[in-house]
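Structure, as structure tokens:
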Amino acid sequence: MPERRTVALVTLGCARNEVDSEELAGRLEADGWQLVEDAGEADVAVVNTCGFVEAAKKDSVDALLEANDLKGHGRTQAVVAVGCMAERYGKELAEALPEADGVLGFDDYTDISDRLQTILNGGIHASHTPRDRRKLLPISPAERQESATSVALPGHGPVDLPDGVAPASGPRAPLRRRLDGTPVASVKLASGCDRRCSFCAIPSFRGSFISRRPSDVLNETRWLAEQGVKEIMLVSENNTSYGKDLGDIRLLESLLPELAEVDGIERVRVSYLQPAEMRPGLIDVLTSTPGVVPYFDLSFQHSAPDVLRAMRRFGDTDRFLELLDTIRSKAPQAGVRSNFIVGFPGETEADLAELERFLNHARLDAIGVFGYSDEEGTEAATYEHKLDEDVVAERLAHVSRMAEELVSQRAEERVGETVHVLVESVDDEEGVYGRAAHQAPETDGQVLLTNGTGLRPGRMVEAKVVGTEGVDLVAEPLFQGSPALSQEAGR
């Protein structure tokens, strides 16, 4: 009997990439590939790259080179690049990085098994010439769903695997294979983006916005619950636009309660929200639906009006603070995070001071700060009045220090609160760690649970916050009798 082909998936970047990797894993496993964790033990190492900013692209290249170093020292015979960077640069990346044995775009995903086998056999699969994927779907959102079947949409794979692959009972499996055993998983709500932020290249290689059908999102969530998942995080480039191409811009408001009622799911989290598209009904659902956490990942980017207009975005400090006041009037413990760009072309000292004013009053739980850098193909790259790199670096360091202090202060405000913590790791030496409702995976800090004897990953525990360590919380479980009888799971 021939030895099974082995493949390892190395994922960089955001949660959307993680979903794409699990879809690729599902396709490969369905075609007979054996998935392994260690790239050094795989015939083919597949690196799912990120093409967002220069630092992410550098990390992707480093990962490809690191995987290439394995060749000749173990089992690894080929290294293949997939993901956003591979899609964005295609043939250009293949020529600049001959260490990669293949560079595959999104259109190759449905045939990923054949592509890898060809490369493994020493053949060559010609890399694609990049194109603007926004042109693959109709301009009108209402006309897109009919065309969606002819366009590659990573993470939108069919809900059923071929006959004999799906489980015999329960919900049919999506075209997905989990790559870790954590109790949290991301679910693609949509792909692409119709916004035209002047600094962002993502729409050009992810394409125009298109929603997944609610039935597919629900079925995938039910399947994940069967795999032991307790929390799902809805991801896309812009969740607030969900449903506009399905004829109902308020579709998210009706879908969230259904997801929260899926048996086994304790917590539903929504990420990637656009402040300009927030509507009263969505705020109401996010702050009042049992099982849906009042968590707001709001993409502010800046708060000075002139900078926002140059970014082709909307709002200002006072309107953003009013939005936060509305949210907290309905859910005082709501979690809020955001990202900001400093040093944008034309940003003045007064603009920076306006951003500082917003940050000082916003009481954000987590803050990401990036220094502006040109992204090829974006409008902002053509702007005049660019700031010197030293000025951008200085502003980045200043605002980053400020952000660190502010999120630590916000964490201290939570001392005395009762939080529901999803246990994610238990270690005899490190302790018991999890996340509260205001903390998304990997980005917003965590909770150290004292006296966590008997707890295991996947348990939801009610606890009282007794201290902080920077952005992280220290909390004491409020057991009634024993861990086995811990409190309600956050509903």
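Following the order of the structure tokens, chains are lettered A, B, ..., residues in each are numbered from 1, and ligands are numbered from 1.
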*Any idea what's packed within 12 Å of Leu93 of chain A, counting only C-alpha atoms, ignoring anything in its chain fewer than 2 positions away? Could you give it as a PyMOL selection string?*
chain A and resi 49+51+57+60-61+64+80-82+84-91+95-105+126-130
*May I have the residues within 10 Å of Leu35 of chain A as a ChimeraX atom specification, using only C-alpha atoms and disregarding those fewer than 6 positions away in the same chain?*
/A:4-9,25-26,28-29,41-42,177,179
*With a distance cut-off of 7 Å and only C-alpha atoms, select the neighbouring residues of segment 404-407 of chain A, excluding the residue or stretch itself and same-chain residues fewer than 2 positions from it, and output the selection as JSON, numbers by chain.*
{"A": [364, 365, 366, 400, 401, 402, 409, 410, 411, 471]}
Output the selection as an mmCIF file, in the first residue's frame - N, CA and C atoms for each residue.
data_model
loop_
_atom_site.group_PDB
_atom_site.id
_atom_site.type_symbol
_atom_site.label_atom_id
_atom_site.label_comp_id
_atom_site.auth_asym_id
_atom_site.auth_seq_id
_atom_site.Cartn_x
_atom_site.Cartn_y
_atom_site.Cartn_z
ATOM 1 N N LEU A 364 -11.210 52.492 25.531
ATOM 2 C CA LEU A 364 -11.142 51.284 24.720
ATOM 3 C C LEU A 364 -10.430 50.172 25.478
ATOM 4 N N ASP A 365 -10.895 48.939 25.258
ATOM 5 C CA ASP A 365 -10.292 47.783 25.921
ATOM 6 C C ASP A 365 -9.029 47.317 25.226
ATOM 7 N N ALA A 366 -8.929 47.538 23.945
ATOM 8 C CA ALA A 366 -7.743 47.122 23.187
ATOM 9 C C ALA A 366 -7.538 48.109 22.045
ATOM 10 N N SER A 400 1.582 54.609 20.691
ATOM 11 C CA SER A 400 1.617 53.233 21.194
ATOM 12 C C SER A 400 1.795 53.212 22.707
ATOM 13 N N ARG A 401 2.706 54.070 23.207
ATOM 14 C CA ARG A 401 2.882 54.156 24.668
ATOM 15 C C ARG A 401 1.605 54.638 25.338
ATOM 16 N N MET A 402 0.991 55.612 24.738
ATOM 17 C CA MET A 402 -0.247 56.147 25.271
ATOM 18 C C MET A 402 -1.338 55.071 25.278
ATOM 19 N N GLN A 409 -5.391 51.164 32.079
ATOM 20 C CA GLN A 409 -6.348 51.872 32.929
ATOM 21 C C GLN A 409 -7.752 51.309 32.757
ATOM 22 N N ARG A 410 -8.116 51.002 31.511
ATOM 23 C CA ARG A 410 -9.452 50.430 31.256
ATOM 24 C C ARG A 410 -9.584 49.076 31.933
ATOM 25 N N ALA A 411 -8.526 48.279 31.914
ATOM 26 C CA ALA A 411 -8.573 46.986 32.596
ATOM 27 C C ALA A 411 -8.790 47.176 34.092
ATOM 28 N N VAL A 471 -3.063 44.831 30.244
ATOM 29 C CA VAL A 471 -4.396 44.670 29.659
ATOM 30 C C VAL A 471 -5.085 43.401 30.153
#
*asked:* For segment 180-188 of chain A, find every residue with an atom within 8 Å (counting only C-alpha atoms), except residues of its own chain fewer than 5 positions away, and show them as a PyMOL selection string.
replied: chain A and resi 15-16+18-19+155-156+212+217+220-221+224+228-236+424+457-458
Give me the residues within 12 Å of segment 314-323 of chain A as a compact mmCIF listing (two decimals) with all heavy atoms, in the first residue's frame, counting only C-alpha atoms and dropping any in the same chain fewer than 4 places off.
# COMPACT_ATOMS: atom_id res chain seq x y z
N ARG A 195 -15.92 49.13 0.36
CA ARG A 195 -15.41 50.44 0.78
C ARG A 195 -14.12 50.74 0.00
O ARG A 195 -13.44 49.84 -0.46
CB ARG A 195 -15.17 50.46 2.28
CG ARG A 195 -16.43 50.15 3.10
CD ARG A 195 -16.20 50.33 4.58
NE ARG A 195 -16.05 51.73 4.93
CZ ARG A 195 -17.07 52.55 5.19
NH1 ARG A 195 -18.31 52.09 5.12
NH2 ARG A 195 -16.87 53.80 5.51
N ARG A 196 -13.81 52.01 -0.11
CA ARG A 196 -12.65 52.41 -0.90
C ARG A 196 -11.70 53.25 -0.05
O ARG A 196 -11.31 54.35 -0.43
CB ARG A 196 -13.09 53.18 -2.15
CG ARG A 196 -13.86 52.31 -3.15
CD ARG A 196 -12.97 51.20 -3.71
NE ARG A 196 -13.69 50.35 -4.67
CZ ARG A 196 -14.23 49.20 -4.36
NH1 ARG A 196 -14.17 48.77 -3.09
NH2 ARG A 196 -14.84 48.48 -5.26
N CYS A 197 -11.34 52.75 1.11
CA CYS A 197 -10.40 53.46 1.97
C CYS A 197 -9.10 53.67 1.19
O CYS A 197 -8.57 52.73 0.58
CB CYS A 197 -10.15 52.67 3.24
SG CYS A 197 -11.65 52.36 4.21
N GLN A 274 -17.89 48.44 10.92
CA GLN A 274 -17.59 49.78 10.42
C GLN A 274 -18.43 50.81 11.18
O GLN A 274 -19.66 50.73 11.17
CB GLN A 274 -17.90 49.88 8.93
CG GLN A 274 -16.89 49.17 8.04
CD GLN A 274 -15.52 49.83 8.05
OE1 GLN A 274 -15.40 51.00 8.39
NE2 GLN A 274 -14.50 49.08 7.68
N PRO A 275 -17.80 51.78 11.84
CA PRO A 275 -18.57 52.79 12.60
C PRO A 275 -19.61 53.50 11.76
O PRO A 275 -20.73 53.76 12.23
CB PRO A 275 -17.48 53.76 13.08
CG PRO A 275 -16.23 52.95 13.12
CD PRO A 275 -16.35 51.99 11.98
N ALA A 276 -19.29 53.82 10.52
CA ALA A 276 -20.21 54.57 9.66
C ALA A 276 -21.44 53.74 9.29
O ALA A 276 -22.45 54.31 8.84
CB ALA A 276 -19.50 55.03 8.39
N GLU A 277 -21.39 52.43 9.46
CA GLU A 277 -22.50 51.57 9.09
C GLU A 277 -23.25 51.01 10.30
O GLU A 277 -24.18 50.22 10.14
CB GLU A 277 -22.00 50.41 8.22
CG GLU A 277 -21.40 50.87 6.89
CD GLU A 277 -20.94 49.70 6.03
OE1 GLU A 277 -21.55 48.62 6.09
OE2 GLU A 277 -19.94 49.88 5.30
N MET A 278 -22.84 51.41 11.51
CA MET A 278 -23.55 50.94 12.69
C MET A 278 -24.95 51.54 12.73
O MET A 278 -25.13 52.72 12.48
CB MET A 278 -22.78 51.31 13.96
CG MET A 278 -21.48 50.55 14.14
SD MET A 278 -21.69 48.75 14.21
CE MET A 278 -22.61 48.58 15.73
N ARG A 279 -25.93 50.72 13.02
CA ARG A 279 -27.33 51.14 13.05
C ARG A 279 -27.95 50.76 14.38
O ARG A 279 -27.53 49.79 15.02
CB ARG A 279 -28.09 50.53 11.88
CG ARG A 279 -27.83 49.04 11.69
CD ARG A 279 -28.25 48.53 10.33
NE ARG A 279 -27.95 47.10 10.21
CZ ARG A 279 -26.84 46.61 9.71
NH1 ARG A 279 -25.89 47.43 9.29
NH2 ARG A 279 -26.64 45.30 9.64
N PRO A 280 -28.97 51.49 14.82
CA PRO A 280 -29.55 51.24 16.14
C PRO A 280 -29.99 49.80 16.36
O PRO A 280 -29.77 49.23 17.43
CB PRO A 280 -30.74 52.21 16.16
CG PRO A 280 -30.34 53.32 15.25
CD PRO A 280 -29.57 52.67 14.16
N ILE A 283 -27.00 47.56 17.10
CA ILE A 283 -26.50 47.80 18.46
C ILE A 283 -27.42 47.12 19.48
O ILE A 283 -26.95 46.49 20.43
CB ILE A 283 -26.42 49.31 18.74
CG1 ILE A 283 -25.35 49.95 17.84
CG2 ILE A 283 -26.07 49.57 20.21
CD1 ILE A 283 -25.28 51.46 17.93
N PHE A 296 -17.56 45.09 20.46
CA PHE A 296 -17.59 45.98 19.32
C PHE A 296 -16.17 46.22 18.81
O PHE A 296 -15.40 46.97 19.40
CB PHE A 296 -18.26 47.31 19.69
CG PHE A 296 -19.73 47.15 20.00
CD1 PHE A 296 -20.14 46.71 21.25
CD2 PHE A 296 -20.69 47.40 19.04
CE1 PHE A 296 -21.48 46.53 21.54
CE2 PHE A 296 -22.04 47.22 19.31
CZ PHE A 296 -22.43 46.80 20.56
N LEU A 298 -14.59 48.01 16.35
CA LEU A 298 -14.94 49.14 15.49
C LEU A 298 -13.70 49.69 14.80
O LEU A 298 -12.72 50.04 15.45
CB LEU A 298 -15.61 50.23 16.33
CG LEU A 298 -16.97 49.86 16.91
CD1 LEU A 298 -17.37 50.82 18.03
CD2 LEU A 298 -18.03 49.84 15.81
N SER A 299 -13.77 49.79 13.49
CA SER A 299 -12.63 50.25 12.70
C SER A 299 -12.64 51.77 12.61
O SER A 299 -13.10 52.35 11.63
CB SER A 299 -12.69 49.63 11.30
OG SER A 299 -11.63 50.09 10.51
N PHE A 300 -12.12 52.45 13.64
CA PHE A 300 -12.09 53.91 13.63
C PHE A 300 -10.98 54.47 12.74
O PHE A 300 -11.18 55.41 11.98
CB PHE A 300 -11.91 54.46 15.06
CG PHE A 300 -13.11 54.26 15.95
CD1 PHE A 300 -13.00 53.58 17.16
CD2 PHE A 300 -14.35 54.77 15.59
CE1 PHE A 300 -14.10 53.41 17.99
CE2 PHE A 300 -15.46 54.60 16.41
CZ PHE A 300 -15.33 53.92 17.61
N GLN A 301 -9.78 53.94 12.85
CA GLN A 301 -8.59 54.32 12.07
C GLN A 301 -8.02 55.69 12.44
O GLN A 301 -6.81 55.88 12.44
CB GLN A 301 -8.86 54.26 10.56
CG GLN A 301 -9.30 52.91 10.06
CD GLN A 301 -8.29 51.80 10.29
OE1 GLN A 301 -7.13 52.05 10.56
NE2 GLN A 301 -8.74 50.55 10.20
N HIS A 302 -8.84 56.66 12.76
CA HIS A 302 -8.39 57.98 13.20
C HIS A 302 -9.64 58.69 13.72
O HIS A 302 -10.75 58.13 13.67
CB HIS A 302 -7.76 58.77 12.06
CG HIS A 302 -6.66 59.71 12.50
ND1 HIS A 302 -6.91 60.91 13.13
CD2 HIS A 302 -5.31 59.61 12.41
CE1 HIS A 302 -5.77 61.51 13.41
NE2 HIS A 302 -4.76 60.74 12.98
N SER A 303 -9.49 59.92 14.23
CA SER A 303 -10.69 60.66 14.63
C SER A 303 -10.65 62.12 14.18
O SER A 303 -11.63 62.84 14.36
CB SER A 303 -10.87 60.61 16.16
OG SER A 303 -9.91 61.41 16.83
N ALA A 304 -9.54 62.54 13.59
CA ALA A 304 -9.46 63.91 13.08
C ALA A 304 -10.19 63.97 11.73
O ALA A 304 -9.88 63.19 10.82
CB ALA A 304 -8.01 64.34 12.91
N PRO A 305 -11.16 64.88 11.57
CA PRO A 305 -11.98 64.91 10.35
C PRO A 305 -11.18 65.00 9.06
O PRO A 305 -11.49 64.28 8.10
CB PRO A 305 -12.86 66.15 10.56
CG PRO A 305 -12.92 66.34 12.04
CD PRO A 305 -11.58 65.89 12.56
N ASP A 306 -10.17 65.85 9.01
CA ASP A 306 -9.41 66.02 7.77
C ASP A 306 -8.67 64.73 7.39
O ASP A 306 -8.59 64.37 6.20
CB ASP A 306 -8.41 67.17 7.90
CG ASP A 306 -9.11 68.53 7.93
OD1 ASP A 306 -10.30 68.60 7.56
OD2 ASP A 306 -8.46 69.53 8.32
N VAL A 307 -8.12 64.05 8.39
CA VAL A 307 -7.42 62.79 8.10
C VAL A 307 -8.41 61.73 7.64
O VAL A 307 -8.16 61.00 6.67
CB VAL A 307 -6.65 62.31 9.35
CG1 VAL A 307 -6.01 60.95 9.07
CG2 VAL A 307 -5.59 63.32 9.75
N LEU A 308 -9.56 61.65 8.30
CA LEU A 308 -10.56 60.67 7.91
C LEU A 308 -11.05 60.91 6.48
O LEU A 308 -11.26 59.95 5.72
CB LEU A 308 -11.74 60.70 8.88
CG LEU A 308 -11.46 60.07 10.26
CD1 LEU A 308 -12.56 60.40 11.24
CD2 LEU A 308 -11.30 58.56 10.14
N ARG A 309 -11.23 62.16 6.11
CA ARG A 309 -11.68 62.44 4.73
C ARG A 309 -10.61 62.01 3.74
O ARG A 309 -10.92 61.47 2.67
CB ARG A 309 -12.00 63.93 4.56
CG ARG A 309 -13.05 64.50 5.48
CD ARG A 309 -14.39 63.75 5.45
NE ARG A 309 -15.26 64.27 6.50
CZ ARG A 309 -15.35 63.74 7.71
NH1 ARG A 309 -14.64 62.67 8.04
NH2 ARG A 309 -16.17 64.25 8.61
N ALA A 310 -9.34 62.28 4.08
CA ALA A 310 -8.26 61.86 3.19
C ALA A 310 -8.20 60.33 3.09
O ALA A 310 -7.79 59.78 2.06
CB ALA A 310 -6.92 62.41 3.68
N ILE A 327 -23.63 52.75 22.94
CA ILE A 327 -23.36 51.34 23.22
C ILE A 327 -23.33 51.08 24.72
O ILE A 327 -23.98 50.16 25.23
CB ILE A 327 -22.01 50.92 22.58
CG1 ILE A 327 -22.14 50.90 21.05
CG2 ILE A 327 -21.55 49.56 23.11
CD1 ILE A 327 -20.82 50.75 20.32
N ARG A 328 -22.62 51.91 25.45
CA ARG A 328 -22.45 51.68 26.90
C ARG A 328 -23.71 52.01 27.69
O ARG A 328 -23.87 51.52 28.81
CB ARG A 328 -21.24 52.46 27.40
CG ARG A 328 -19.93 51.85 26.88
CD ARG A 328 -18.71 52.63 27.28
NE ARG A 328 -17.50 51.93 26.86
CZ ARG A 328 -16.46 52.51 26.27
NH1 ARG A 328 -16.49 53.82 26.04
NH2 ARG A 328 -15.40 51.81 25.93
N SER A 329 -24.59 52.83 27.13
CA SER A 329 -25.86 53.07 27.80
C SER A 329 -26.72 51.82 27.79
O SER A 329 -27.57 51.63 28.66
CB SER A 329 -26.61 54.22 27.12
OG SER A 329 -27.10 53.85 25.83
N LYS A 330 -26.50 50.95 26.82
CA LYS A 330 -27.25 49.70 26.71
C LYS A 330 -26.51 48.52 27.33
O LYS A 330 -27.15 47.57 27.79
CB LYS A 330 -27.53 49.40 25.23
CG LYS A 330 -28.39 50.46 24.55
CD LYS A 330 -28.54 50.18 23.06
CE LYS A 330 -29.37 51.26 22.37
NZ LYS A 330 -30.77 51.26 22.83
N VAL A 336 -14.84 47.11 23.70
CA VAL A 336 -14.62 47.87 22.47
C VAL A 336 -13.13 47.87 22.15
O VAL A 336 -12.30 48.14 23.02
CB VAL A 336 -15.10 49.33 22.59
CG1 VAL A 336 -14.98 50.03 21.24
CG2 VAL A 336 -16.53 49.40 23.10
N SER A 338 -10.21 48.84 18.74
CA SER A 338 -10.07 49.48 17.44
C SER A 338 -8.61 49.57 17.05
O SER A 338 -7.71 49.38 17.87
CB SER A 338 -10.69 50.88 17.46
OG SER A 338 -10.80 51.39 16.13
N ASP A 351 -4.07 67.38 14.20
CA ASP A 351 -4.79 66.11 13.93
C ASP A 351 -4.39 65.05 14.95
O ASP A 351 -5.25 64.30 15.45
CB ASP A 351 -4.47 65.62 12.52
CG ASP A 351 -5.01 66.52 11.43
OD1 ASP A 351 -6.07 67.13 11.64
OD2 ASP A 351 -4.37 66.60 10.36
N LEU A 352 -3.11 64.99 15.24
CA LEU A 352 -2.64 64.01 16.21
C LEU A 352 -3.22 64.30 17.59
O LEU A 352 -3.62 63.39 18.32
CB LEU A 352 -1.11 64.03 16.27
CG LEU A 352 -0.45 62.93 17.10
CD1 LEU A 352 -0.72 61.56 16.49
CD2 LEU A 352 1.05 63.16 17.22
N ALA A 353 -3.30 65.58 17.94
CA ALA A 353 -3.89 65.96 19.23
C ALA A 353 -5.36 65.58 19.29
O ALA A 353 -5.87 65.18 20.35
CB ALA A 353 -3.72 67.46 19.45
N GLU A 354 -6.05 65.69 18.16
CA GLU A 354 -7.47 65.30 18.11
C GLU A 354 -7.62 63.79 18.32
O GLU A 354 -8.53 63.33 19.02
CB GLU A 354 -8.08 65.71 16.77
CG GLU A 354 -9.57 65.46 16.66
CD GLU A 354 -10.41 66.33 17.58
OE1 GLU A 354 -9.86 67.17 18.32
OE2 GLU A 354 -11.64 66.16 17.58
N LEU A 355 -6.73 63.02 17.74
CA LEU A 355 -6.74 61.57 17.97
C LEU A 355 -6.48 61.27 19.44
O LEU A 355 -7.14 60.40 20.04
CB LEU A 355 -5.69 60.89 17.09
CG LEU A 355 -5.49 59.39 17.31
CD1 LEU A 355 -6.79 58.63 17.11
CD2 LEU A 355 -4.39 58.85 16.40
N GLU A 356 -5.54 61.97 20.02
CA GLU A 356 -5.26 61.76 21.44
C GLU A 356 -6.48 62.11 22.30
O GLU A 356 -6.77 61.43 23.29
CB GLU A 356 -4.05 62.60 21.86
CG GLU A 356 -2.74 62.14 21.24
CD GLU A 356 -1.57 63.02 21.64
OE1 GLU A 356 -1.70 63.78 22.63
OE2 GLU A 356 -0.52 62.96 20.97
N ARG A 357 -7.20 63.16 21.92
CA ARG A 357 -8.41 63.53 22.66
C ARG A 357 -9.43 62.39 22.62
O ARG A 357 -10.04 62.04 23.63
CB ARG A 357 -9.03 64.80 22.06
CG ARG A 357 -10.30 65.27 22.80
CD ARG A 357 -10.72 66.65 22.35
NE ARG A 357 -11.46 66.64 21.10
CZ ARG A 357 -12.79 66.50 21.01
NH1 ARG A 357 -13.52 66.32 22.12
NH2 ARG A 357 -13.38 66.54 19.83
N PHE A 358 -9.58 61.81 21.44
CA PHE A 358 -10.52 60.69 21.33
C PHE A 358 -10.08 59.51 22.20
O PHE A 358 -10.87 58.96 22.96
CB PHE A 358 -10.64 60.24 19.87
CG PHE A 358 -11.43 58.97 19.71
CD1 PHE A 358 -12.81 58.98 19.94
CD2 PHE A 358 -10.82 57.78 19.36
CE1 PHE A 358 -13.55 57.80 19.82
CE2 PHE A 358 -11.54 56.62 19.23
CZ PHE A 358 -12.92 56.62 19.46
N LEU A 359 -8.81 59.14 22.09
CA LEU A 359 -8.32 57.99 22.84
C LEU A 359 -8.47 58.20 24.34
O LEU A 359 -8.81 57.27 25.09
CB LEU A 359 -6.86 57.72 22.48
CG LEU A 359 -6.60 57.22 21.05
CD1 LEU A 359 -5.11 57.14 20.78
CD2 LEU A 359 -7.26 55.87 20.82
N ASN A 360 -8.24 59.41 24.80
CA ASN A 360 -8.34 59.70 26.23
C ASN A 360 -9.76 59.58 26.76
O ASN A 360 -9.97 59.32 27.95
CB ASN A 360 -7.79 61.10 26.53
CG ASN A 360 -6.29 61.09 26.72
OD1 ASN A 360 -5.75 60.30 27.50
ND2 ASN A 360 -5.59 61.97 26.01
N HIS A 361 -10.75 59.75 25.89
CA HIS A 361 -12.14 59.71 26.34
C HIS A 361 -12.86 58.42 25.96
O HIS A 361 -13.95 58.15 26.46
CB HIS A 361 -12.92 60.90 25.75
CG HIS A 361 -12.55 62.21 26.37
ND1 HIS A 361 -11.49 62.98 25.93
CD2 HIS A 361 -13.11 62.91 27.40
CE1 HIS A 361 -11.40 64.08 26.64
NE2 HIS A 361 -12.37 64.06 27.55
N ALA A 362 -12.27 57.62 25.07
CA ALA A 362 -12.99 56.48 24.49
C ALA A 362 -13.05 55.26 25.40
O ALA A 362 -13.95 54.43 25.25
CB ALA A 362 -12.35 56.09 23.16
N ARG A 363 -12.11 55.11 26.33
CA ARG A 363 -12.09 53.96 27.25
C ARG A 363 -12.13 52.64 26.47
O ARG A 363 -12.94 51.76 26.73
CB ARG A 363 -13.24 54.04 28.24
CG ARG A 363 -13.20 55.24 29.16
CD ARG A 363 -14.48 55.42 29.96
NE ARG A 363 -14.78 54.23 30.75
CZ ARG A 363 -16.00 53.67 30.78
NH1 ARG A 363 -16.99 54.15 30.05
NH2 ARG A 363 -16.21 52.60 31.54
N LEU A 364 -11.21 52.49 25.53
CA LEU A 364 -11.14 51.28 24.72
C LEU A 364 -10.43 50.17 25.48
O LEU A 364 -9.47 50.41 26.20
CB LEU A 364 -10.41 51.57 23.41
CG LEU A 364 -11.02 52.66 22.52
CD1 LEU A 364 -10.16 52.87 21.28
CD2 LEU A 364 -12.45 52.32 22.14
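A straight line drawn from atom CA of Ala380 of chain A to atom CA of Val53 of chain A is 13.6 Å long.
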Applying 10 Å and only C-alpha atoms, which residues near Gly377 of chain A remain after dropping the ones on its own chain fewer than 5 positions away? List them as a short mmCIF file (atom, residue, chain, number, x, y, z; two decimals) with N, CA, C and O atoms, in the first residue's frame.
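The file below, around-v6.cif, is the result:
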data_model
loop_
_atom_site.label_atom_id
_atom_site.label_comp_id
_atom_site.auth_asym_id
_atom_site.auth_seq_id
_atom_site.Cartn_x
_atom_site.Cartn_y
_atom_site.Cartn_z
N SER A 198 -8.59 54.88 1.24
CA SER A 198 -7.47 55.24 0.36
C SER A 198 -6.17 54.54 0.71
O SER A 198 -5.24 54.49 -0.11
N PHE A 199 -6.07 53.96 1.93
CA PHE A 199 -4.82 53.32 2.37
C PHE A 199 -4.85 51.81 2.19
O PHE A 199 -3.83 51.15 2.43
N CYS A 200 -5.97 51.24 1.79
CA CYS A 200 -6.16 49.79 1.86
C CYS A 200 -6.20 49.14 0.49
O CYS A 200 -6.95 49.56 -0.40
N ALA A 201 -5.40 48.08 0.32
CA ALA A 201 -5.35 47.35 -0.94
C ALA A 201 -6.20 46.08 -0.90
O ALA A 201 -6.36 45.41 -1.93
N SER A 204 -8.80 44.99 -3.65
CA SER A 204 -8.27 44.66 -4.98
C SER A 204 -7.94 43.18 -5.11
O SER A 204 -8.04 42.63 -6.21
N THR A 382 -0.31 57.79 -3.71
CA THR A 382 -0.08 58.88 -4.67
C THR A 382 -0.18 60.26 -4.03
O THR A 382 0.04 61.27 -4.70
#
Contacts of Asp194 of chain A within 8 Å, only C-alpha atoms, excl. fewer than 3 positions in-chain, as a PDB file with all heavy atoms, in the first residue's frame:
ATOM      1  N   PRO A 203      -9.452  45.207  -0.922  1.00  0.00           N
ATOM      2  CA  PRO A 203     -10.501  44.926  -1.904  1.00  0.00           C
ATOM      3  C   PRO A 203      -9.976  44.505  -3.268  1.00  0.00           C
ATOM      4  O   PRO A 203     -10.632  43.730  -3.977  1.00  0.00           O
ATOM      5  CB  PRO A 203     -11.259  46.261  -1.988  1.00  0.00           C
ATOM      6  CG  PRO A 203     -11.041  46.900  -0.655  1.00  0.00           C
ATOM      7  CD  PRO A 203      -9.629  46.538  -0.299  1.00  0.00           C
ATOM      8  N   SER A 208     -14.980  42.275  -4.395  1.00  0.00           N
ATOM      9  CA  SER A 208     -16.149  42.993  -3.902  1.00  0.00           C
ATOM     10  C   SER A 208     -16.850  42.179  -2.820  1.00  0.00           C
ATOM     11  O   SER A 208     -16.697  40.961  -2.721  1.00  0.00           O
ATOM     12  CB  SER A 208     -17.126  43.248  -5.054  1.00  0.00           C
ATOM     13  OG  SER A 208     -16.536  44.076  -6.032  1.00  0.00           O
ATOM     14  N   PHE A 209     -17.645  42.876  -2.031  1.00  0.00           N
ATOM     15  CA  PHE A 209     -18.320  42.251  -0.895  1.00  0.00           C
ATOM     16  C   PHE A 209     -19.384  41.259  -1.363  1.00  0.00           C
ATOM     17  O   PHE A 209     -20.212  41.570  -2.219  1.00  0.00           O
ATOM     18  CB  PHE A 209     -18.977  43.328  -0.034  1.00  0.00           C
ATOM     19  CG  PHE A 209     -19.621  42.799   1.212  1.00  0.00           C
ATOM     20  CD1 PHE A 209     -18.901  42.685   2.388  1.00  0.00           C
ATOM     21  CD2 PHE A 209     -20.950  42.398   1.204  1.00  0.00           C
ATOM     22  CE1 PHE A 209     -19.487  42.179   3.536  1.00  0.00           C
ATOM     23  CE2 PHE A 209     -21.542  41.891   2.346  1.00  0.00           C
ATOM     24  CZ  PHE A 209     -20.814  41.783   3.518  1.00  0.00           C
TER      25      PHE A 209
END
*Using DSSP on the backbone, list every residue of segment 59-265 of chain A that comes out as strand (DSSP E or B), and give them as a PyMOL selection string.*
chain A and resi 78-82+102-103+184-188+190-191+210-211+231-235
*Kindly give the distance, in Å, that separates atom CA of Leu473 of chain A and atom CA of Pro290 of chain A, rounded to a single decimal.*
23.5 Å
